[in-house]
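Below you'll find the structure, written out as structure tokens, and then a few comments.
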Amino acid sequence: MLVLITYDVSTQSAEGKTRLRKVAKECVNYGQRVQNSVFECILDASQLLLLKDRLVSLISEKEDSLRFYYLGNNYQTKVEHFGKKTSYMAEGVLMI
């Protein structure tokens with residue numbers, strides 16, 4: 001399923017900047033950055049639970065915000081994009 005993950009981590013302190021880097025790094029491991037604090041991730045149920053648990057443990061619930069939007073398996077009909085930044089098909093063939 002496609003999950004859109006957004007976050008807003010307070011960077012007023014050094015600890016906040018560290019949290020921001022850790023959250024971003026964890027999201028990069030599971031998906032594609034589409035905006036500064038927005039990631040598209042193709043996940044199965046177990047990957048989603050692991051990622052959610054990891055991200056919730058990284059943030060400060062008093063200072064930060066973390067959101068998950070579940071777009072499901074038929075996400076291709078639910079996502080429209082306009083503008084410059086192109087993305088790769090997450091479920092397609094990736095050649096390196």
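Ordered as shown in the structure tokens, chains take letters A, B, and onward, while each chain numbers its residues from 1 and ligands are numbered from 1 in the order shown.
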All helix (DSSP H, G or I) residues (DSSP, backbone) inside chain A, as an MDAnalysis selection string
chainID A and resid 14:30 45:58 75:77
Write the residues of the preceding selection, restricted to N, CA and C atoms, as a CSV table (one decimal), in the first residue's frame.
```csv
chain,number,residue,atom,x,y,z
A,14,ALA,N,19.5,21.7,19.4
A,14,ALA,CA,20.4,20.7,18.8
A,14,ALA,C,19.8,19.4,18.8
A,15,GLU,N,19.0,19.0,19.8
A,15,GLU,CA,18.4,17.7,19.9
A,15,GLU,C,17.3,17.6,18.8
A,16,GLY,N,16.6,18.7,18.5
A,16,GLY,CA,15.6,18.8,17.5
A,16,GLY,C,16.2,18.5,16.1
A,17,LYS,N,17.3,19.2,15.9
A,17,LYS,CA,18.0,19.0,14.6
A,17,LYS,C,18.5,17.5,14.4
A,18,THR,N,18.9,16.9,15.5
A,18,THR,CA,19.3,15.5,15.4
A,18,THR,C,18.1,14.6,15.2
A,19,ARG,N,17.0,14.9,15.8
A,19,ARG,CA,15.7,14.2,15.6
A,19,ARG,C,15.3,14.3,14.1
A,20,LEU,N,15.4,15.5,13.6
A,20,LEU,CA,15.0,15.7,12.2
A,20,LEU,C,15.8,14.9,11.2
A,21,ARG,N,17.1,14.8,11.4
A,21,ARG,CA,18.0,14.0,10.6
A,21,ARG,C,17.7,12.5,10.7
A,22,LYS,N,17.4,12.1,11.9
A,22,LYS,CA,17.1,10.7,12.1
A,22,LYS,C,15.8,10.3,11.5
A,23,VAL,N,14.8,11.2,11.6
A,23,VAL,CA,13.5,10.9,11.0
A,23,VAL,C,13.6,10.8,9.5
A,24,ALA,N,14.3,11.8,8.9
A,24,ALA,CA,14.5,11.8,7.5
A,24,ALA,C,15.2,10.6,7.0
A,25,LYS,N,16.3,10.2,7.7
A,25,LYS,CA,17.1,9.1,7.3
A,25,LYS,C,16.2,7.8,7.3
A,26,GLU,N,15.4,7.7,8.3
A,26,GLU,CA,14.5,6.5,8.5
A,26,GLU,C,13.5,6.4,7.3
A,27,CYS,N,13.0,7.6,7.0
A,27,CYS,CA,12.0,7.6,5.9
A,27,CYS,C,12.7,7.3,4.5
A,28,VAL,N,13.9,7.8,4.3
A,28,VAL,CA,14.6,7.5,3.1
A,28,VAL,C,14.8,6.0,2.9
A,29,ASN,N,15.0,5.3,4.0
A,29,ASN,CA,15.2,3.9,3.9
A,29,ASN,C,13.9,3.1,3.4
A,30,TYR,N,12.8,3.8,3.5
A,30,TYR,CA,11.5,3.1,3.1
A,30,TYR,C,10.8,3.7,1.9
A,45,ALA,N,2.1,-4.5,5.5
A,45,ALA,CA,1.7,-4.3,6.9
A,45,ALA,C,2.8,-4.4,7.9
A,46,SER,N,3.7,-5.3,7.7
A,46,SER,CA,4.8,-5.4,8.7
A,46,SER,C,5.8,-4.3,8.6
A,47,GLN,N,6.1,-3.9,7.4
A,47,GLN,CA,7.0,-2.7,7.2
A,47,GLN,C,6.4,-1.5,7.8
A,48,LEU,N,5.1,-1.3,7.6
A,48,LEU,CA,4.4,-0.1,8.1
A,48,LEU,C,4.5,-0.1,9.6
A,49,LEU,N,4.2,-1.2,10.3
A,49,LEU,CA,4.3,-1.3,11.8
A,49,LEU,C,5.7,-1.0,12.2
A,50,LEU,N,6.7,-1.5,11.6
A,50,LEU,CA,8.1,-1.3,12.0
A,50,LEU,C,8.5,0.2,11.8
A,51,LEU,N,8.1,0.8,10.7
A,51,LEU,CA,8.5,2.2,10.4
A,51,LEU,C,7.7,3.1,11.4
A,52,LYS,N,6.5,2.8,11.5
A,52,LYS,CA,5.7,3.7,12.4
A,52,LYS,C,6.2,3.7,13.9
A,53,ASP,N,6.6,2.5,14.3
A,53,ASP,CA,7.1,2.3,15.7
A,53,ASP,C,8.5,3.1,15.8
A,54,ARG,N,9.3,2.9,14.8
A,54,ARG,CA,10.6,3.6,14.8
A,54,ARG,C,10.4,5.1,14.8
A,55,LEU,N,9.6,5.6,13.9
A,55,LEU,CA,9.4,7.1,13.8
A,55,LEU,C,8.8,7.7,15.1
A,56,VAL,N,7.8,7.0,15.6
A,56,VAL,CA,7.2,7.5,16.9
A,56,VAL,C,8.2,7.5,18.0
A,57,SER,N,9.1,6.6,18.0
A,57,SER,CA,10.2,6.5,19.1
A,57,SER,C,11.2,7.6,18.9
A,58,LEU,N,11.3,8.1,17.6
A,58,LEU,CA,12.3,9.2,17.4
A,58,LEU,C,11.9,10.6,17.7
A,75,TYR,N,-3.4,3.3,-5.4
A,75,TYR,CA,-3.0,4.7,-5.2
A,75,TYR,C,-2.8,5.4,-6.5
A,76,GLN,N,-2.5,4.7,-7.6
A,76,GLN,CA,-2.2,5.4,-8.9
A,76,GLN,C,-3.4,6.3,-9.3
A,77,THR,N,-4.6,6.0,-9.0
A,77,THR,CA,-5.7,6.8,-9.3
A,77,THR,C,-6.0,8.0,-8.3
```
Using only C-alpha atoms, pick whichever of A:Val9, A:Leu71, A:Leu66, A:Ile59 has the shortest atom-to-atom distance to Ile42 (chain A).
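Of the candidates, the smallest distance to Ile42 (chain A) is held by A:Leu71.
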Using only C-alpha atoms, which residues sit within 10 Å of Gln35 (chain A) once same-chain residues fewer than 3 positions away are excluded, as a PyMOL selection string?
chain A and resi 6+32+38-40+85
For the residues in the current selection, export N, CA and C atoms as a PDB file, in the first residue's frame.
```
ATOM      1  N   THR A   6       4.259  12.493   6.552  1.00  0.00           N
ATOM      2  CA  THR A   6       4.666  13.888   6.689  1.00  0.00           C
ATOM      3  C   THR A   6       5.101  14.123   8.132  1.00  0.00           C
ATOM      4  N   GLN A  32      10.396   7.382  -0.982  1.00  0.00           N
ATOM      5  CA  GLN A  32      10.901   8.441  -1.844  1.00  0.00           C
ATOM      6  C   GLN A  32      10.475   9.803  -1.295  1.00  0.00           C
ATOM      7  N   VAL A  38       8.078  15.263   3.340  1.00  0.00           N
ATOM      8  CA  VAL A  38       6.995  14.411   2.836  1.00  0.00           C
ATOM      9  C   VAL A  38       7.607  13.246   2.072  1.00  0.00           C
ATOM     10  N   PHE A  39       7.187  12.035   2.416  1.00  0.00           N
ATOM     11  CA  PHE A  39       7.695  10.830   1.763  1.00  0.00           C
ATOM     12  C   PHE A  39       6.545   9.963   1.294  1.00  0.00           C
ATOM     13  N   GLU A  40       6.718   9.369   0.113  1.00  0.00           N
ATOM     14  CA  GLU A  40       5.813   8.346  -0.387  1.00  0.00           C
ATOM     15  C   GLU A  40       6.497   7.006  -0.158  1.00  0.00           C
ATOM     16  N   LYS A  85       9.330  18.264 -10.529  1.00  0.00           N
ATOM     17  CA  LYS A  85       9.958  17.086  -9.932  1.00  0.00           C
ATOM     18  C   LYS A  85       9.255  15.811 -10.376  1.00  0.00           C
TER      19      LYS A  85
END
```
Å distance separating CA of Phe68 (chain A) from CA of Leu4 (chain A), one decimal place
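These two atoms are separated by 5.7 Å.
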Quote the spacing between CA of Asp8 (chain A) and CA of Asn74 (chain A) in Å to one decimal place.
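Taking CA of Asp8 (chain A) and CA of Asn74 (chain A), their separation equals 27.1 Å.
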